[in-house]
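Source file: my_file.tsv (TSV, C-alpha atoms)
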chain	number	residue	atom	x	y	z
F	27	LYS	CA	-1.22	-100.26	97.18
F	28	LEU	CA	1.50	-102.66	98.34
F	29	VAL	CA	4.25	-102.55	100.94
F	30	ARG	CA	6.89	-105.18	100.22
F	31	ILE	CA	9.28	-106.05	103.04
F	32	GLY	CA	12.26	-108.17	102.06
F	33	VAL	CA	13.76	-110.75	104.42
F	34	TRP	CA	17.52	-111.38	104.53
F	35	GLU	CA	19.66	-113.68	106.64
F	36	GLY	CA	23.41	-113.10	106.65
F	37	GLY	CA	23.20	-111.20	103.38
F	38	ARG	CA	21.10	-113.94	101.72
F	39	PHE	CA	17.64	-113.01	100.43
F	40	VAL	CA	15.15	-115.56	101.76
F	41	GLY	CA	11.79	-114.06	100.81
F	42	ALA	CA	9.30	-111.26	101.31
F	43	ILE	CA	6.25	-110.30	103.36
F	44	ILE	CA	3.68	-108.17	101.54
F	45	TYR	CA	0.97	-105.89	102.89
F	46	GLY	CA	-1.70	-104.17	100.82
F	47	THR	CA	-5.34	-103.14	100.45
F	48	GLY	CA	-6.42	-106.72	99.70
F	49	ALA	CA	-9.39	-107.89	97.66
F	50	ASN	CA	-12.06	-106.59	100.06
F	51	ARG	CA	-12.76	-102.89	99.58
F	52	TYR	CA	-14.73	-102.88	102.86
F	53	LEU	CA	-11.83	-104.30	104.87
F	54	ALA	CA	-11.76	-101.40	107.35
F	55	SER	CA	-15.52	-100.91	107.80
F	56	PRO	CA	-16.15	-103.43	110.64
F	57	PHE	CA	-13.48	-101.75	112.79
F	58	GLY	CA	-14.69	-98.17	112.61
F	59	VAL	CA	-11.54	-96.91	110.89
F	60	SER	CA	-10.99	-95.43	107.45
F	61	MET	CA	-9.72	-97.37	104.46
F	62	TYR	CA	-6.35	-95.63	104.91
F	63	GLU	CA	-5.98	-96.86	108.50
F	64	ALA	CA	-6.24	-100.61	107.81
F	65	CYS	CA	-4.46	-103.01	105.49
F	66	GLU	CA	-4.20	-106.73	104.82
F	67	LEU	CA	-1.28	-109.11	105.13
F	68	VAL	CA	-1.63	-110.49	101.63
F	69	ARG	CA	1.42	-112.74	101.21
F	70	VAL	CA	4.16	-114.45	103.21
F	71	ALA	CA	6.68	-116.01	100.84
F	72	LEU	CA	9.76	-117.35	102.62
F	73	ALA	CA	12.31	-119.93	101.53
F	74	PRO	CA	12.65	-123.19	103.48
F	75	GLY	CA	15.70	-123.92	105.57
F	76	ARG	CA	15.86	-120.46	107.15
F	77	GLU	CA	17.51	-119.65	110.46
F	78	HIS	CA	14.52	-117.69	111.80
F	79	PRO	CA	10.94	-119.01	112.08
F	80	THR	CA	8.12	-117.49	110.05
F	81	SER	CA	6.45	-116.07	113.15
F	82	LYS	CA	9.53	-114.01	114.01
F	83	CYS	CA	9.82	-112.71	110.45
F	84	VAL	CA	6.17	-111.62	110.51
F	85	ALA	CA	6.60	-109.95	113.93
F	86	ILE	CA	9.58	-107.93	112.69
F	87	SER	CA	7.73	-106.96	109.49
F	88	LEU	CA	4.83	-105.62	111.59
F	89	ARG	CA	7.22	-103.37	113.49
F	90	ILE	CA	8.71	-102.10	110.23
F	91	LEU	CA	5.23	-101.52	108.78
F	92	ARG	CA	4.09	-99.54	111.81
F	93	ARG	CA	7.23	-97.40	111.73
F	94	GLN	CA	6.92	-96.52	108.04
F	95	SER	CA	3.10	-96.11	108.13
F	96	PRO	CA	2.38	-94.27	111.41
F	97	GLY	CA	-1.26	-93.64	110.49
F	98	LEU	CA	-2.03	-97.35	110.23
F	99	LYS	CA	-4.21	-98.69	113.06
F	100	LEU	CA	-4.59	-102.38	112.29
F	101	VAL	CA	-3.74	-105.25	109.96
F	102	VAL	CA	-6.14	-107.99	108.87
F	103	SER	CA	-5.24	-111.42	107.53
F	104	TYR	CA	-6.98	-114.66	106.66
F	105	ALA	CA	-6.07	-118.33	107.02
F	106	ASP	CA	-7.42	-120.40	104.15
F	107	ARG	CA	-9.00	-123.59	105.50
F	108	LYS	CA	-9.23	-125.20	102.07
F	109	GLU	CA	-5.41	-125.09	101.99
F	110	GLY	CA	-5.20	-126.64	105.46
F	111	HIS	CA	-4.17	-123.40	107.17
F	112	LEU	CA	-5.41	-122.54	110.66
F	113	GLY	CA	-3.44	-119.36	111.30
F	114	ILE	CA	-0.79	-120.84	113.59
F	115	ILE	CA	1.59	-117.99	112.66
F	116	TYR	CA	-0.98	-115.41	113.77
F	117	GLN	CA	-1.69	-117.27	116.99
F	118	ALA	CA	2.05	-117.29	117.75
F	119	THR	CA	2.41	-113.52	117.18
F	120	ASN	CA	-0.50	-112.27	119.31
F	121	TRP	CA	-3.11	-111.62	116.61
F	122	LEU	CA	-6.79	-111.69	117.64
F	123	PHE	CA	-9.04	-114.38	116.18
F	124	LEU	CA	-12.34	-112.91	114.94
F	125	GLY	CA	-14.06	-116.03	113.68
F	126	GLU	CA	-14.83	-117.20	110.16
F	127	ALA	CA	-15.24	-115.06	107.05
F	128	THR	CA	-17.26	-116.10	104.01
F	129	GLN	CA	-15.69	-116.26	100.57
F	130	PRO	CA	-18.02	-114.96	97.83
F	131	TYR	CA	-16.38	-116.40	94.74
F	132	MET	CA	-17.77	-116.76	91.22
F	133	LYS	CA	-17.01	-119.17	88.41
F	134	VAL	CA	-16.60	-117.45	85.04
F	135	LYS	CA	-15.31	-119.17	81.89
F	136	GLY	CA	-14.31	-122.15	83.97
F	137	GLU	CA	-12.21	-120.04	86.38
F	138	VAL	CA	-13.08	-119.51	90.06
F	139	VAL	CA	-12.53	-115.78	90.69
F	140	HIS	CA	-12.99	-113.33	93.56
F	141	PRO	CA	-15.59	-110.60	92.78
F	142	ARG	CA	-12.93	-107.90	93.29
F	143	SER	CA	-10.91	-109.37	90.43
F	144	LEU	CA	-14.04	-109.41	88.25
F	145	TYR	CA	-14.67	-105.76	89.14
F	146	ASP	CA	-11.14	-104.89	88.04
F	147	ARG	CA	-11.71	-106.71	84.73
F	148	TYR	CA	-15.24	-105.68	83.82
F	149	GLY	CA	-16.26	-102.82	86.10
F	150	ARG	CA	-19.27	-102.85	88.40
F	151	GLY	CA	-21.15	-105.31	86.17
F	152	GLY	CA	-18.47	-107.91	86.86
F	153	GLN	CA	-19.97	-108.47	90.32
F	154	SER	CA	-23.46	-109.24	88.97
F	155	ILE	CA	-24.33	-112.79	87.90
F	156	PRO	CA	-27.09	-111.61	85.46
F	157	TRP	CA	-24.67	-109.14	83.85
F	158	LEU	CA	-21.92	-111.74	83.58
F	159	ARG	CA	-24.30	-114.25	82.02
F	160	LYS	CA	-25.50	-111.71	79.49
F	161	HIS	CA	-22.14	-110.21	78.49
F	162	ILE	CA	-19.33	-112.61	79.45
F	163	ASP	CA	-20.33	-116.21	80.20
F	164	PRO	CA	-23.87	-117.64	80.04
F	165	ASN	CA	-22.83	-120.28	82.60
F	166	ALA	CA	-21.43	-117.85	85.19
F	167	ARG	CA	-22.45	-118.78	88.74
F	168	LYS	CA	-21.60	-118.31	92.40
F	169	VAL	CA	-19.35	-120.91	94.00
F	170	GLU	CA	-19.45	-121.97	97.65
F	171	MET	CA	-15.98	-122.03	99.21
F	172	PRO	CA	-14.87	-123.08	102.71
F	173	ASN	CA	-14.84	-120.13	105.10
F	174	LYS	CA	-11.53	-118.48	105.90
F	175	LEU	CA	-10.37	-117.80	109.45
F	176	LYS	CA	-10.11	-114.07	110.14
F	177	TYR	CA	-7.36	-112.53	112.29
F	178	VAL	CA	-6.54	-108.91	113.15
F	179	TYR	CA	-3.43	-107.27	114.59
F	180	PRO	CA	-4.28	-103.88	116.17
F	181	PHE	CA	-1.45	-101.40	116.58
F	182	GLU	CA	-3.35	-99.28	119.12
F	183	ALA	CA	-3.99	-100.57	122.64
F	184	THR	CA	-7.54	-99.16	122.77
F	185	ILE	CA	-8.54	-100.94	119.57
F	186	ARG	CA	-6.96	-104.18	120.80
F	187	GLN	CA	-8.95	-103.98	124.03
F	188	GLN	CA	-12.21	-103.37	122.16
F	189	LEU	CA	-11.62	-106.20	119.72
F	190	ALA	CA	-10.38	-108.61	122.38
F	191	ALA	CA	-13.68	-108.15	124.23
F	192	ALA	CA	-15.56	-109.08	121.05
F	193	ALA	CA	-13.17	-111.79	119.83
F	194	ASN	CA	-15.04	-114.82	118.54
F	195	GLY	CA	-13.95	-117.68	120.79
F	196	GLN	CA	-10.83	-119.78	120.60
F	197	ALA	CA	-8.86	-120.08	117.39
F	198	PRO	CA	-8.74	-123.63	116.00
F	199	LYS	CA	-5.52	-125.59	116.37
F	200	HIS	CA	-4.01	-128.60	114.66
F	201	LYS	CA	-4.92	-131.98	116.12
F	202	TYR	CA	-2.11	-134.48	116.41
F	203	ALA	CA	-2.03	-138.18	117.16
F	204	PRO	CA	-1.23	-139.06	120.80
F	205	ASP	CA	2.38	-139.75	121.79
F	206	ARG	CA	3.61	-143.34	121.52
F	207	PHE	CA	6.88	-144.96	122.57
F	208	ALA	CA	8.83	-146.40	119.66
F	209	ASP	CA	11.97	-148.43	119.04
F	210	VAL	CA	14.27	-146.82	116.43
F	211	LEU	CA	15.50	-149.50	114.03
F	212	HIS	CA	17.59	-147.39	111.66
F	213	LEU	CA	18.60	-143.75	111.21
F	214	LYS	CA	19.74	-142.46	107.81
F	215	LEU	CA	21.27	-138.98	107.42
F	216	ASP	CA	21.73	-137.41	103.98
F	217	ILE	CA	23.76	-134.18	104.36
F	218	THR	CA	24.82	-131.77	101.60
F	219	PRO	CA	27.29	-129.01	102.58
F	220	ASP	CA	27.42	-125.72	100.68
F	221	PHE	CA	30.88	-124.31	101.38
F	222	LYS	CA	30.24	-121.10	99.47
F	223	THR	CA	27.28	-120.04	101.64
F	224	ARG	CA	28.52	-121.98	104.69
F	225	THR	CA	25.23	-123.84	105.08
F	226	LEU	CA	24.07	-127.43	105.38
F	227	THR	CA	20.95	-129.01	103.95
F	228	GLY	CA	19.82	-132.52	104.54
F	229	THR	CA	17.19	-135.05	105.45
F	230	ALA	CA	16.88	-137.57	108.25
F	231	THR	CA	14.99	-140.82	107.68
F	232	LEU	CA	13.88	-142.93	110.64
F	233	ASP	CA	12.73	-146.54	110.56
F	234	PHE	CA	10.91	-147.42	113.78
F	235	GLN	CA	8.23	-149.60	115.29
F	236	PRO	CA	5.85	-148.80	118.16
F	237	ILE	CA	6.47	-150.66	121.40
F	238	ALA	CA	3.51	-149.44	123.44
F	239	LYS	CA	-0.04	-148.29	122.94
F	240	PRO	CA	-0.88	-144.58	123.47
Can the structure in the file be given as structure tokens, please?
Amino acid sequence: KLVRIGVWEGGRFVGAIIYGTGANRYLASPFGVSMYEACELVRVALAPGREHPTSKCVAISLRILRRQSPGLKLVVSYADRKEGHLGIIYQATNWLFLGEATQPYMKVKGEVVHPRSLYDRYGRGGQSIPWLRKHIDPNARKVEMPNKLKYVYPFEATIRQQLAAAANGQAPKHKYAPDRFADVLHLKLDITPDFKTRTLTGTATLDFQPIAKP
């Protein structure tokens, strides 16, 4: 169910990118492909301080995935708005934005759980509030969660053209404060060399004051 792609830099393991079937058993249905022709990017776990940006690591992993799974036609992923994610990585690697996707979660025994996880635990009844209240937790209920942002990466040009025509508007982007001129009062550098791995880690602290309005 999972394809795990490790990421190394200069012989140093810096994380993994994981693809799988995901929590939604109907993941492939909206695209007119079978469940064996679509998968989900379920996890990007990369260490900080890497040489290569996350977007490049994801792009390379997609090429590896396509090579080792030639029957795969597309990959779906979600950006979780409640975690402050807007899918900037997907925007940088030519994914298509398909709009927002609802999150049908349930709260059982004080834990907020996806219905797929409840199905795995309790069978088909685990997705029914009346069944859960009768057999598991009398206080079980549905929980409203912020919508996720849905992205898709088609491997086939024809599918990309079809989805691009139906893409749901412009993907949201981060909003930043306007530029302002500032006078740097003090710069502090704290550098730690690692001679064994031939790397440097550090922080830079700036003290400044604005000298003009935006």
Spatial neighbours of Ile31 in chain F, max dist 9 Å, all atoms listed in the file, sep filter under 2 positions, as a CSV table (one decimal) with C-alpha atoms, keeping the file's coordinate frame:
chain,number,residue,atom,x,y,z
F,29,VAL,CA,4.2,-102.6,100.9
F,33,VAL,CA,13.8,-110.8,104.4
F,41,GLY,CA,11.8,-114.1,100.8
F,42,ALA,CA,9.3,-111.3,101.3
F,43,ILE,CA,6.2,-110.3,103.4
F,44,ILE,CA,3.7,-108.2,101.5
F,45,TYR,CA,1.0,-105.9,102.9
F,87,SER,CA,7.7,-107.0,109.5
F,90,ILE,CA,8.7,-102.1,110.2
F,91,LEU,CA,5.2,-101.5,108.8
Which residue is closest to Gly75 in chain F? Choose from F:Thr225, F:Thr231, F:Ser154, F:Thr184 and count only C-alpha atoms. F:Thr225
Skip Asp233 in chain F itself and residues of its chain fewer than 4 positions away, then list as a VMD selection string all residues within 10 Å of it, counting all atoms listed in the file. chain F and resid 208 to 214
Using only C-alpha atoms for the distances, tell me which of F:Leu232, F:Val134, F:Ala190, F:Ile86 is nearest to Asp216 in chain F. F:Leu232
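Across F:Arg159, F:Arg224, F:Arg150, F:Lys99, the tightest approach to Ala183 in chain F is made by F:Lys99 when counting all atoms listed in the file.
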Exercise: Met171 in chain F partners within 12 Å, all atoms listed in the file, chain neighbours under 4 positions left out, as number ranges by chain: F: 106-109, 127-133, 138-140
Long-range neighbours of Leu67 in chain F as a tab-separated table (two decimals) with C-alpha atoms, in the frame of the given file, 9 Å cut-off, only C-alpha atoms, 6 positions minimum in chain:
chain	number	residue	atom	x	y	z
F	43	ILE	CA	6.25	-110.30	103.36
F	44	ILE	CA	3.68	-108.17	101.54
F	45	TYR	CA	0.97	-105.89	102.89
F	46	GLY	CA	-1.70	-104.17	100.82
F	47	THR	CA	-5.34	-103.14	100.45
F	48	GLY	CA	-6.42	-106.72	99.70
F	101	VAL	CA	-3.74	-105.25	109.96
F	102	VAL	CA	-6.14	-107.99	108.87
F	103	SER	CA	-5.24	-111.42	107.53
F	104	TYR	CA	-6.98	-114.66	106.66
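Between CA of Phe57 in chain F and CA of Arg92 in chain F the interatomic distance comes to 17.7 Å.
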Rank nothing, just name the residue among F:Gly97, F:Gly32, F:Gly37, F:Pro74 nearest to Met61 in chain F, using all atoms listed in the file.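 Closest to Met61 in chain F, using all atoms listed in the file: F:Gly97.
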Tell me which of F:Lys174, F:Gln153, F:Glu137, F:Leu53 sits closest to Leu112 in chain F, counting only C-alpha atoms.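 Closest to Leu112 in chain F, using only C-alpha atoms: F:Lys174.
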So that I can see what lies close to Trp121 in chain F, please list as a VMD selection string the residues with an atom at most 7 Å from it, counting all atoms listed in the file and leaving out residues fewer than 4 positions away in the same chain. chain F and resid 116 to 117 177 to 179
Looking at only C-alpha atoms, which of F:Lys135, F:Cys65, F:Thr119, F:Trp157 is the one that sits closest to Cys83 in chain F?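 Once distances to Cys83 in chain F are computed over only C-alpha atoms, the minimum belongs to F:Thr119.
Across the model, the gap from CA of Leu28 in chain F to CA of Pro141 in chain F is 19.6 Å.
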